[in-house]
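Participant: Attaching a single structure in structure tokens format; questions to follow.
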Amino acid sequence: MSRDTADFELDPYVPECIQQLRAEHRQAMALSRRGFIKISGVTGGGLVLGLSLAGCGSDGQGAGEPSLGNALEENPFVQVRPDNTVVIYSKNPDVGQGVKTAMPMIVAEELDVDWSQVVVEQADIDESRYGLQIAGGSTSIPSNWMTLRQAGASARSMLISAAALELAVEVGELSTDAGYVVHEVTSRRIAYGELVEQASGLPVPDAGSLVLKDRSEWKLLGRRITGVDNEKIVTGQPLYGIDQRLPDMVYATLVKAPTIGARPVSANLDHVKSLPGIVDAFIVEGAGNPIEFGLDTAALLPGVAIVANSTWSAFKAKDELDVVWDESNAASDSWSEAVAEATRLGAEEGAESLNETGDIDAAFANARTSPEGFYTYQFASHADLEPQNCTAWFKGDSIEIWAPTQTPTMAVPAVAGLLGLAVDQVTLHQLRGGGGFGRRLANDSVCEVAWIARELGVPVKAQWSREDDMGFDYYRPGGFHSFKAAISDEGKLTAWQDHFISFGRNGSPISAANLTGREFPVNALGNARITQTLLPTGMPSGPWRAPGSNALAFAIQCFLNECSVAAGRDHLDFLLELFEDVSIPQGGGFGGFGGAGLNPERAAAVTRLAAEEAGWGRQMPTGRGLGMAFYFSHQGHFAEVAEVSVDDDRRLTVHQVTVAGDIGPIVNMSGAENQVQGSVVDALSTLMGLEITFEGGRVEQRNFDRYPILRMSQAPAVDVHFIQSDNSPTGVGEPAFPPAAPAICNAIYAATGHRVRTMPLTREGYSI
């Protein structure tokens with residue numbers, strides 16, 4: 001079965017600007033036939049080609065022709081130098097997902113150069129030249145795939161034409177090989193670097209005339225290529241925001257209220273200013289609505305800024321800071337009260353209908369059995385290895401920023417709005433981020449240092465502590481599912497009911513706390529009732545690795561396993577049967593949440609492959625079991641089988657997780673495997689013991705002593721397999737995450753007969 005991949009719809013689980021990027025991604029890939037490439041000539045030592053990203057200009061143009069003004073601005077993207085080296089500029093932020101390596105690989109493949117010739121540089125942040133530069137939603141590769149291929153192919157075509165003139169032969173007699181144009185008849189080879197001056201005077205090829213490589217011709221893509229920054233990372237060279245140093249720089253920390261939403265009234269500022277190493281201290285009133293997750297809007301929590309000659313001095317001064325806080329409008333949330341209220345509401349129908357299909361009451365009336373289950377999952381913190389930080393230098397009529405943000409082109413207007421500057425008065429330098437997972441989509445730390453820097457007039461680095469980072473996060477929201485299903489006499493799933501209890505403000509779910517009502521298996525059934533009730537909250541929330549899906553998969557796929565057990569069916573057969581009944585809805589956003597875009601053949605193929613590679617169905621010793629789960633998100637189809645054992649004290653060992661995925665052709669096998677392995681480890685860590693709870697609006701977990709990240713010795717073996725289909729490639733940083741937790745929980749049931757319905761597992765007495 002196939003679908004028209006030209007149809008896309010917006011995803012409800014991701015920020016609006018990323019939705020907009022996805023809605024326009026076809027324009028971003030379909031390069032203008034008039035402004036596709038600009039030759040900047042050989043100035044600067046080589047043939048410089050400028051790239052026009054249709055629909056991504058800052059003039060707001062989307063569908064249709066791109067802005068020719070943007071297309072014809074100098075935009076160095078690929079530079080072939082006379083010494084035969086090739087500089088490729090990576091436009092998107094790298095926060096560990098590997099795009100700084102993968103994106104240039106795509107250009108290099110079509111340009112047909114050896115990877116040893118390539119020098120990768122981080123591109124400047126300039127939306128007018130590069131379009132949107134973001135890292136989120138696993139969109140970097142799919143949004144730029146065709147653009148990057150055509151950029152490399154265009155340069156290669158021009159170099160071949162230049163060689164044809166040089167050798168006085170027909171273009172059709174020439175081929176390329178590792179940075180050389182080759183004339184097979186005479187065995188002559190000309191290095192690309194020798195052709196740059198000749199090529200710079202040639203007309204730009206029409207994008208429609210380009211012949212891209214067939215997958216069978218690839219020499220670089222699909223190989224294991226080490227990350228371009230790996231040596232610098234392991235040798236501790238400065239790459240990250242936390243490494244940033246400038247002359248005469250001072251160091252700042254913003255002390256925020258322990259209760260979310262409280263504001264400072266007064267503080268012992270004179271005493272703090274008298275402490276050793278302190279440069280200044282002052283109250284920050286705050287700006288915007290920092291509780292609500294946003295990307296390009298000013299967000300600044302109120303607090304007290306302490307500026308010092310070192311980060312340590314600033315942190316030490318916090319111990320002597322005495323603040324009077326106004327908590328009249330602060331959050332008063334209680335997780336324990338939310339659990340109690342959700343448990344009560346679970347016995348009722350939801351306040352709002354999200355989907356009502358068929359005659360579900362008749363299906364229940366005719367069911368052989370109707371399993372029920374109530375599932376709970378907690379809030380979670382991003383806990384990036386590198387806490388939030390940013391450096392800024394306010395220069396009176398402009399500001400220069402060094403930031404490890406995932407959304408640099410969103411940070412620029414946010415700072416401009418906050419400080420009352422024009423966008424062109426804000427310069428942002430992209431730094432590598434020590435983890436993102438959605439946390440660095442928000443630019444609150446960037447706004448924070450910009451505000452403080454305006455008060456100082458010298459370079460300022462604002463550094464968050466671990467306690468700050470966990471206490472003032474945009475959390476993965478918790479939620480509850482009250483499920484009921486109908487199983488027919490033939491052991492088929494005939495109806496699905498879910499009362500989803502989530503958190504909201506002003507009548508709408510908070511960021512990443514929503515449900516579309518059509519998640520698999522709903523799109524495979526004729527009878528479904530999906531309702532929703534929102535609990536009021538004052539807690540901040542936002543996208544968190546595989547937003548929405550990271551928790552929905554746990555609940556839905558575990559309850560599906562309950563259904564297969566109730567039906568007396570093998571879970572593999574149960575899933576494969578459901579895939580056969582999937583009706584593919586029109587569209588299917590880039591994230592692919594809610595089953596939109598799920599392809600049943602691809603789903604069945606990865607599920608069969610995971611089962612085969614894991615030895616599904618083999619006899620297991622007592623206390624040991626296999627569990628399976630499938631999930632579709634970010635256009636990635638993934639199935640996983642976990643092998644676990646549990647002792648009499650409920651000590652869990654996850655021996656191996658076998659993963660099968662279909663995300664189209666793999667760009668960098670090393671990077672793809674790394675992302676899948678990291679997803680599984682991250683998912684197990686979250687499932688096992690990670691939770692954010694709060695009482696009276698105060699977060700209770702503020703460091704790793706109460707937020708126990710998985711240790712290296714506890715990590716399972718992860719066996720990764722890809723089906724390299726001919727579908728366009730999609731991202732991999734997120735879709736491998738969701739199936740891991742339910743696969744592990746289903747394996748626990750197979751090993752022990754105990755059904756896990758609460759995440760984290762420590763809530764049900766498990767340890768690891």
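We label chains A, B, ... in the order they appear in the structure tokens, count residues from 1 in each chain, and number ligands from 1 in the order shown.
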Extract the full set of strand (DSSP E or B) residues from region 108-286 of chain A according to DSSP on the backbone, and format it as a PyMOL selection string.
Facilitator: chain A and resi 118-122+174-177+180-183+188-191+240+250-256+263-267+278-284
Participant: Skipping near chain neighbours, those fewer than 5 positions away, what residues fall within 8 Å of region 741-752 of chain A using only C-alpha atoms, listed as a VMD selection string?
Facilitator: chain A and resid 553 to 555 557 to 558 561 622 to 629 640 to 646 654 683 to 684 687
Participant: Near Asn527 (chain A), counting only C-alpha atoms, which residues have an atom at most 12 Å away, once you skip same-chain residues fewer than 3 positions from it, shown as an mmCIF file with N, CA and C atoms, in the first residue's frame?
Facilitator:
```
data_model
loop_
_atom_site.group_PDB
_atom_site.id
_atom_site.type_symbol
_atom_site.label_atom_id
_atom_site.label_comp_id
_atom_site.auth_asym_id
_atom_site.auth_seq_id
_atom_site.Cartn_x
_atom_site.Cartn_y
_atom_site.Cartn_z
ATOM 1 N N ASN A 355 -12.571 11.534 19.712
ATOM 2 C CA ASN A 355 -12.879 10.662 18.579
ATOM 3 C C ASN A 355 -13.973 9.687 18.997
ATOM 4 N N GLU A 356 -15.016 9.601 18.213
ATOM 5 C CA GLU A 356 -16.102 8.637 18.443
ATOM 6 C C GLU A 356 -16.368 7.967 17.113
ATOM 7 N N THR A 357 -16.054 6.675 17.016
ATOM 8 C CA THR A 357 -16.165 5.950 15.758
ATOM 9 C C THR A 357 -16.971 4.682 15.964
ATOM 10 N N GLY A 358 -17.901 4.400 15.061
ATOM 11 C CA GLY A 358 -18.648 3.160 15.090
ATOM 12 C C GLY A 358 -19.629 3.075 16.241
ATOM 13 N N ASP A 359 -19.978 1.836 16.604
ATOM 14 C CA ASP A 359 -20.922 1.577 17.699
ATOM 15 C C ASP A 359 -20.168 0.826 18.793
ATOM 16 N N ILE A 360 -19.473 1.602 19.641
ATOM 17 C CA ILE A 360 -18.604 0.977 20.629
ATOM 18 C C ILE A 360 -19.397 0.253 21.706
ATOM 19 N N ASP A 361 -20.590 0.763 22.054
ATOM 20 C CA ASP A 361 -21.396 0.099 23.082
ATOM 21 C C ASP A 361 -21.821 -1.288 22.620
ATOM 22 N N ALA A 362 -22.189 -1.408 21.348
ATOM 23 C CA ALA A 362 -22.560 -2.721 20.815
ATOM 24 C C ALA A 362 -21.360 -3.656 20.807
ATOM 25 N N ALA A 363 -20.192 -3.113 20.486
ATOM 26 C CA ALA A 363 -18.987 -3.939 20.468
ATOM 27 C C ALA A 363 -18.689 -4.492 21.858
ATOM 28 N N PHE A 364 -18.861 -3.674 22.897
ATOM 29 C CA PHE A 364 -18.641 -4.158 24.262
ATOM 30 C C PHE A 364 -19.711 -5.168 24.671
ATOM 31 N N LYS A 484 -10.181 0.645 28.108
ATOM 32 C CA LYS A 484 -11.059 -0.520 28.061
ATOM 33 C C LYS A 484 -11.103 -0.976 26.609
ATOM 34 N N ALA A 485 -11.079 -2.290 26.392
ATOM 35 C CA ALA A 485 -11.101 -2.824 25.032
ATOM 36 C C ALA A 485 -12.094 -3.968 24.941
ATOM 37 N N ALA A 486 -12.515 -4.260 23.740
ATOM 38 C CA ALA A 486 -13.431 -5.382 23.485
ATOM 39 C C ALA A 486 -12.712 -6.428 22.648
ATOM 40 N N ILE A 487 -12.781 -7.683 23.087
ATOM 41 C CA ILE A 487 -12.186 -8.812 22.373
ATOM 42 C C ILE A 487 -13.312 -9.742 21.945
ATOM 43 N N LEU A 493 -9.428 -7.802 18.327
ATOM 44 C CA LEU A 493 -9.703 -6.530 18.985
ATOM 45 C C LEU A 493 -10.767 -5.805 18.169
ATOM 46 N N THR A 494 -11.916 -5.542 18.775
ATOM 47 C CA THR A 494 -13.033 -4.943 18.031
ATOM 48 C C THR A 494 -13.392 -3.544 18.514
ATOM 49 N N ALA A 495 -12.914 -3.137 19.679
ATOM 50 C CA ALA A 495 -13.234 -1.792 20.162
ATOM 51 C C ALA A 495 -12.133 -1.316 21.104
ATOM 52 N N TRP A 496 -11.952 0.012 21.149
ATOM 53 C CA TRP A 496 -10.885 0.626 21.956
ATOM 54 C C TRP A 496 -11.442 1.884 22.595
ATOM 55 N N GLN A 497 -11.322 1.951 23.928
ATOM 56 C CA GLN A 497 -11.798 3.126 24.658
ATOM 57 C C GLN A 497 -10.675 3.656 25.540
ATOM 58 N N ASP A 498 -10.483 4.968 25.502
ATOM 59 C CA ASP A 498 -9.426 5.588 26.295
ATOM 60 C C ASP A 498 -9.939 6.916 26.839
ATOM 61 N N ARG A 518 -6.383 9.435 17.395
ATOM 62 C CA ARG A 518 -6.333 8.476 16.286
ATOM 63 C C ARG A 518 -5.052 7.642 16.294
ATOM 64 N N PRO A 521 -3.874 1.660 18.032
ATOM 65 C CA PRO A 521 -4.611 0.933 16.996
ATOM 66 C C PRO A 521 -5.957 1.551 16.598
ATOM 67 N N VAL A 522 -6.260 2.786 17.015
ATOM 68 C CA VAL A 522 -7.555 3.372 16.674
ATOM 69 C C VAL A 522 -7.761 3.390 15.170
ATOM 70 N N ASN A 523 -6.675 3.680 14.409
ATOM 71 C CA ASN A 523 -6.813 3.751 12.959
ATOM 72 C C ASN A 523 -6.923 2.382 12.301
ATOM 73 N N ALA A 524 -6.977 1.321 13.105
ATOM 74 C CA ALA A 524 -7.185 -0.022 12.568
ATOM 75 C C ALA A 524 -8.527 -0.600 13.012
ATOM 76 N N ILE A 530 -12.558 7.954 22.268
ATOM 77 C CA ILE A 530 -11.416 8.600 22.909
ATOM 78 C C ILE A 530 -11.909 9.913 23.507
#
```
Participant: Of the residues A:Ala178, A:Ile125, A:Leu418, A:Ala308, which is the one nearest to Ala287 (chain A), using only C-alpha atoms?
Facilitator: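 The shortest atom-to-atom distance to Ala287 (chain A) comes from A:Leu418.
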Participant: Would you compute the distance between CA of Ser728 (chain A) and CA of Ser143 (chain A)? Give it in Å to one decimal.
Facilitator: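 Separation of CA of Ser728 (chain A) and CA of Ser143 (chain A): 10.1 Å.
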Participant: Quick one: everything within 12 Å of Arg545 (chain A), counting only C-alpha atoms, minus sequence neighbours fewer than 3 positions away in the same chain. Send it as a ChimeraX atom specification.
Facilitator: /A:13-14,97,135-138,380-384,435-441,475-477,512,542,548-551,591,633-634,675,678-680,682-683,686,732-738
Participant: Using only C-alpha atoms, can you tell me which of A:Val565, A:Ile501, A:Ile666, A:Arg149 comes closest to Ala340 (chain A)?
Facilitator: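 Checking each of A:Val565, A:Ile501, A:Ile666, A:Arg149 against Ala340 (chain A), counting only C-alpha atoms, the winner is A:Ile501.
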Participant: Find the residues of region 193-295 of chain A that sit at most 7 Å from region 158-170 of chain A; for each, write down the nearest two atoms and how far apart they are in Å, to one decimal. Count only C-alpha atoms. Sort by chain, then by number going up, and give it as a Markdown table.
Facilitator:
```
| residue | atom | partner | partner_atom | distance |
| --- | --- | --- | --- | --- |
| A:Leu195 | CA | A:Ala162 | CA | 6.2 |
| A:Gln198 | CA | A:Ala162 | CA | 5.6 |
| A:Ala199 | CA | A:Ala162 | CA | 5.0 |
| A:Leu202 | CA | A:Met158 | CA | 6.9 |
```
Participant: I'd like the contact shell of region 444-453 of chain A - 8 Å cut-off, only C-alpha atoms, skipping same-chain residues fewer than 4 positions apart - returned as a PyMOL selection string.
Facilitator: chain A and resi 252+254+290+298-301+305+388-394+399+401+403+411+414-415+418-419+457-462
Participant: Taking the DSSP assignment computed from this structure's backbone, write out as a PyMOL selection string all residues of region 339-540 of chain A that belong to helix (DSSP H, G or I).
Facilitator: chain A and resi 339-345+360-365+408-419+423-425+439-441+444-456+466-471+522-524
Participant: For the residues in the current selection, export C-alpha atoms as a short mmCIF file (atom, residue, chain, number, x, y, z; two decimals), in the first residue's frame.
Facilitator:
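What ended up in out_13.cif:
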```cif
data_model
loop_
_atom_site.label_atom_id
_atom_site.label_comp_id
_atom_site.auth_asym_id
_atom_site.auth_seq_id
_atom_site.Cartn_x
_atom_site.Cartn_y
_atom_site.Cartn_z
CA VAL A 339 -2.95 11.34 40.95
CA ALA A 340 -5.88 11.09 43.33
CA GLU A 341 -8.12 13.20 41.10
CA ALA A 342 -7.14 11.33 37.95
CA THR A 343 -7.82 7.99 39.65
CA ARG A 344 -11.30 9.22 40.55
CA LEU A 345 -11.96 10.56 37.06
CA ILE A 360 -18.60 0.98 20.63
CA ASP A 361 -21.40 0.10 23.08
CA ALA A 362 -22.56 -2.72 20.82
CA ALA A 363 -18.99 -3.94 20.47
CA PHE A 364 -18.64 -4.16 24.26
CA ALA A 365 -22.01 -5.83 24.58
CA PRO A 408 19.04 29.96 16.69
CA THR A 409 16.84 31.61 14.09
CA MET A 410 14.10 31.78 16.73
CA ALA A 411 16.43 33.15 19.40
CA VAL A 412 17.31 36.20 17.34
CA PRO A 413 13.78 37.70 17.15
CA ALA A 414 13.15 36.70 20.78
CA VAL A 415 16.13 38.74 21.96
CA ALA A 416 15.31 41.58 19.59
CA GLY A 417 11.80 41.80 21.00
CA LEU A 418 13.01 41.60 24.58
CA LEU A 419 15.56 44.40 24.22
CA VAL A 423 16.55 41.78 14.22
CA ASP A 424 19.64 42.86 12.30
CA GLN A 425 21.06 44.31 15.52
CA ARG A 439 15.05 21.59 26.10
CA ARG A 440 17.16 23.88 23.96
CA LEU A 441 14.25 24.57 21.63
CA ASP A 444 14.80 31.35 28.00
CA SER A 445 18.49 31.10 28.88
CA VAL A 446 19.36 33.24 25.85
CA CYS A 447 16.85 35.90 26.86
CA GLU A 448 18.14 35.76 30.42
CA VAL A 449 21.75 36.57 29.56
CA ALA A 450 20.71 39.20 27.01
CA TRP A 451 18.78 41.06 29.70
CA ILE A 452 21.62 40.85 32.21
CA ALA A 453 24.23 41.82 29.61
CA ARG A 454 22.30 45.00 28.81
CA GLU A 455 22.82 46.08 32.43
CA LEU A 456 26.59 45.48 32.34
CA ARG A 466 22.15 21.52 37.86
CA GLU A 467 19.55 22.56 40.45
CA ASP A 468 18.52 25.47 38.22
CA ASP A 469 18.37 23.24 35.19
CA MET A 470 16.08 20.68 36.78
CA GLY A 471 14.06 23.13 38.84
CA VAL A 522 -7.56 3.37 16.67
CA ASN A 523 -6.81 3.75 12.96
CA ALA A 524 -7.19 -0.02 12.57
#
```
Participant: Identify, on the basis of only C-alpha atoms, every residue whose closest approach to Ala603 (chain A) does not exceed 12 Å; exclude the query and any residue fewer than 6 positions from it along the same chain; express the result as an mmCIF file with N, CA and C atoms, in the first residue's frame.
Facilitator:
```cif
data_model
loop_
_atom_site.group_PDB
_atom_site.id
_atom_site.type_symbol
_atom_site.label_atom_id
_atom_site.label_comp_id
_atom_site.auth_asym_id
_atom_site.auth_seq_id
_atom_site.Cartn_x
_atom_site.Cartn_y
_atom_site.Cartn_z
ATOM 1 N N MET A 1 0.851 -1.185 0.000
ATOM 2 C CA MET A 1 0.000 0.000 0.000
ATOM 3 C C MET A 1 0.887 1.235 0.000
ATOM 4 N N PHE A 520 -2.543 4.621 16.639
ATOM 5 C CA PHE A 520 -2.666 3.180 16.481
ATOM 6 C C PHE A 520 -2.882 2.553 17.857
ATOM 7 N N LEU A 572 2.877 -11.041 18.591
ATOM 8 C CA LEU A 572 3.320 -10.767 17.229
ATOM 9 C C LEU A 572 2.177 -10.937 16.244
ATOM 10 N N LEU A 575 -0.401 -8.085 16.603
ATOM 11 C CA LEU A 575 -0.012 -6.826 15.976
ATOM 12 C C LEU A 575 -0.115 -6.907 14.457
ATOM 13 N N LEU A 576 0.385 -7.986 13.884
ATOM 14 C CA LEU A 576 0.364 -8.117 12.436
ATOM 15 C C LEU A 576 -1.063 -8.105 11.905
ATOM 16 N N GLU A 577 -1.971 -8.703 12.628
ATOM 17 C CA GLU A 577 -3.378 -8.677 12.221
ATOM 18 C C GLU A 577 -3.932 -7.255 12.250
ATOM 19 N N LEU A 578 -3.573 -6.490 13.263
ATOM 20 C CA LEU A 578 -4.043 -5.109 13.355
ATOM 21 C C LEU A 578 -3.480 -4.258 12.220
ATOM 22 N N PHE A 579 -2.213 -4.485 11.852
ATOM 23 C CA PHE A 579 -1.623 -3.711 10.762
ATOM 24 C C PHE A 579 -2.416 -3.901 9.467
ATOM 25 N N GLU A 580 -2.922 -5.107 9.263
ATOM 26 C CA GLU A 580 -3.677 -5.380 8.038
ATOM 27 C C GLU A 580 -4.934 -4.528 7.936
ATOM 28 N N ASP A 581 -5.449 -4.091 9.087
ATOM 29 C CA ASP A 581 -6.698 -3.333 9.099
ATOM 30 C C ASP A 581 -6.488 -1.824 9.177
ATOM 31 N N VAL A 582 -5.230 -1.376 9.154
ATOM 32 C CA VAL A 582 -4.972 0.065 9.259
ATOM 33 C C VAL A 582 -5.512 0.779 8.029
ATOM 34 N N GLY A 595 -0.596 8.161 14.346
ATOM 35 C CA GLY A 595 -0.836 7.174 13.307
ATOM 36 C C GLY A 595 -0.930 7.770 11.932
ATOM 37 N N GLY A 597 -0.066 8.745 8.568
ATOM 38 C CA GLY A 597 1.065 8.391 7.732
ATOM 39 C C GLY A 597 1.629 7.013 8.008
ATOM 40 N N LEU A 609 10.915 -8.281 11.469
ATOM 41 C CA LEU A 609 12.365 -8.306 11.545
ATOM 42 C C LEU A 609 12.845 -8.298 12.987
ATOM 43 N N ALA A 610 12.255 -7.474 13.822
ATOM 44 C CA ALA A 610 12.650 -7.445 15.235
ATOM 45 C C ALA A 610 12.401 -8.798 15.888
ATOM 46 N N ALA A 629 7.060 -4.378 21.281
ATOM 47 C CA ALA A 629 6.238 -3.195 21.072
ATOM 48 C C ALA A 629 6.612 -2.571 19.737
ATOM 49 N N PHE A 630 5.626 -1.929 19.130
ATOM 50 C CA PHE A 630 5.821 -1.176 17.888
ATOM 51 C C PHE A 630 5.326 0.245 18.110
ATOM 52 N N TYR A 631 5.989 1.210 17.462
ATOM 53 C CA TYR A 631 5.432 2.558 17.463
ATOM 54 C C TYR A 631 5.910 3.315 16.236
ATOM 55 N N PHE A 632 5.059 4.233 15.798
ATOM 56 C CA PHE A 632 5.339 5.073 14.639
ATOM 57 C C PHE A 632 5.355 6.524 15.082
ATOM 58 N N SER A 633 6.495 7.176 14.908
ATOM 59 C CA SER A 633 6.564 8.602 15.200
ATOM 60 C C SER A 633 7.670 9.227 14.367
ATOM 61 N N GLN A 635 7.729 9.927 11.396
ATOM 62 C CA GLN A 635 7.782 9.183 10.137
ATOM 63 C C GLN A 635 8.686 7.959 10.200
ATOM 64 N N GLY A 636 9.069 7.564 11.392
ATOM 65 C CA GLY A 636 9.893 6.371 11.557
ATOM 66 C C GLY A 636 9.073 5.207 12.077
ATOM 67 N N HIS A 637 9.186 4.069 11.414
ATOM 68 C CA HIS A 637 8.523 2.838 11.859
ATOM 69 C C HIS A 637 9.539 2.014 12.639
ATOM 70 N N PHE A 638 9.249 1.752 13.926
ATOM 71 C CA PHE A 638 10.188 1.019 14.772
ATOM 72 C C PHE A 638 9.468 -0.042 15.585
ATOM 73 N N ALA A 639 10.067 -1.238 15.633
ATOM 74 C CA ALA A 639 9.617 -2.309 16.515
ATOM 75 C C ALA A 639 10.800 -2.766 17.353
ATOM 76 N N GLU A 640 10.522 -3.125 18.603
ATOM 77 C CA GLU A 640 11.595 -3.515 19.509
ATOM 78 C C GLU A 640 11.166 -4.713 20.352
ATOM 79 N N ALA A 660 14.377 -2.902 15.263
ATOM 80 C CA ALA A 660 14.270 -2.885 13.803
ATOM 81 C C ALA A 660 13.559 -1.605 13.407
ATOM 82 N N GLY A 661 14.156 -0.865 12.479
ATOM 83 C CA GLY A 661 13.575 0.399 12.073
ATOM 84 C C GLY A 661 13.605 0.599 10.581
ATOM 85 N N ASP A 662 12.637 1.362 10.101
ATOM 86 C CA ASP A 662 12.595 1.775 8.704
ATOM 87 C C ASP A 662 12.462 3.287 8.684
ATOM 88 N N ILE A 663 13.556 3.960 8.341
ATOM 89 C CA ILE A 663 13.561 5.414 8.212
ATOM 90 C C ILE A 663 14.103 5.798 6.833
ATOM 91 N N ILE A 723 15.818 -1.512 7.898
ATOM 92 C CA ILE A 723 15.323 -1.843 6.567
ATOM 93 C C ILE A 723 15.552 -0.597 5.720
#
```
Participant: Just want the 12 Å neighbourhood of Gly303 (chain A), counted on only C-alpha atoms, with same-chain residues fewer than 5 positions away dropped. Output as a ChimeraX atom specification.
Facilitator: /A:253-267,281-287,318,321-326,448,451-452
Participant: Which residue is closest to Ala442 (chain A)? Choose from A:Leu552, A:Cys563, A:Ile291, A:Ala604 and count only C-alpha atoms.
Facilitator: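 Under the stated criterion, the closest residue is A:Ile291.
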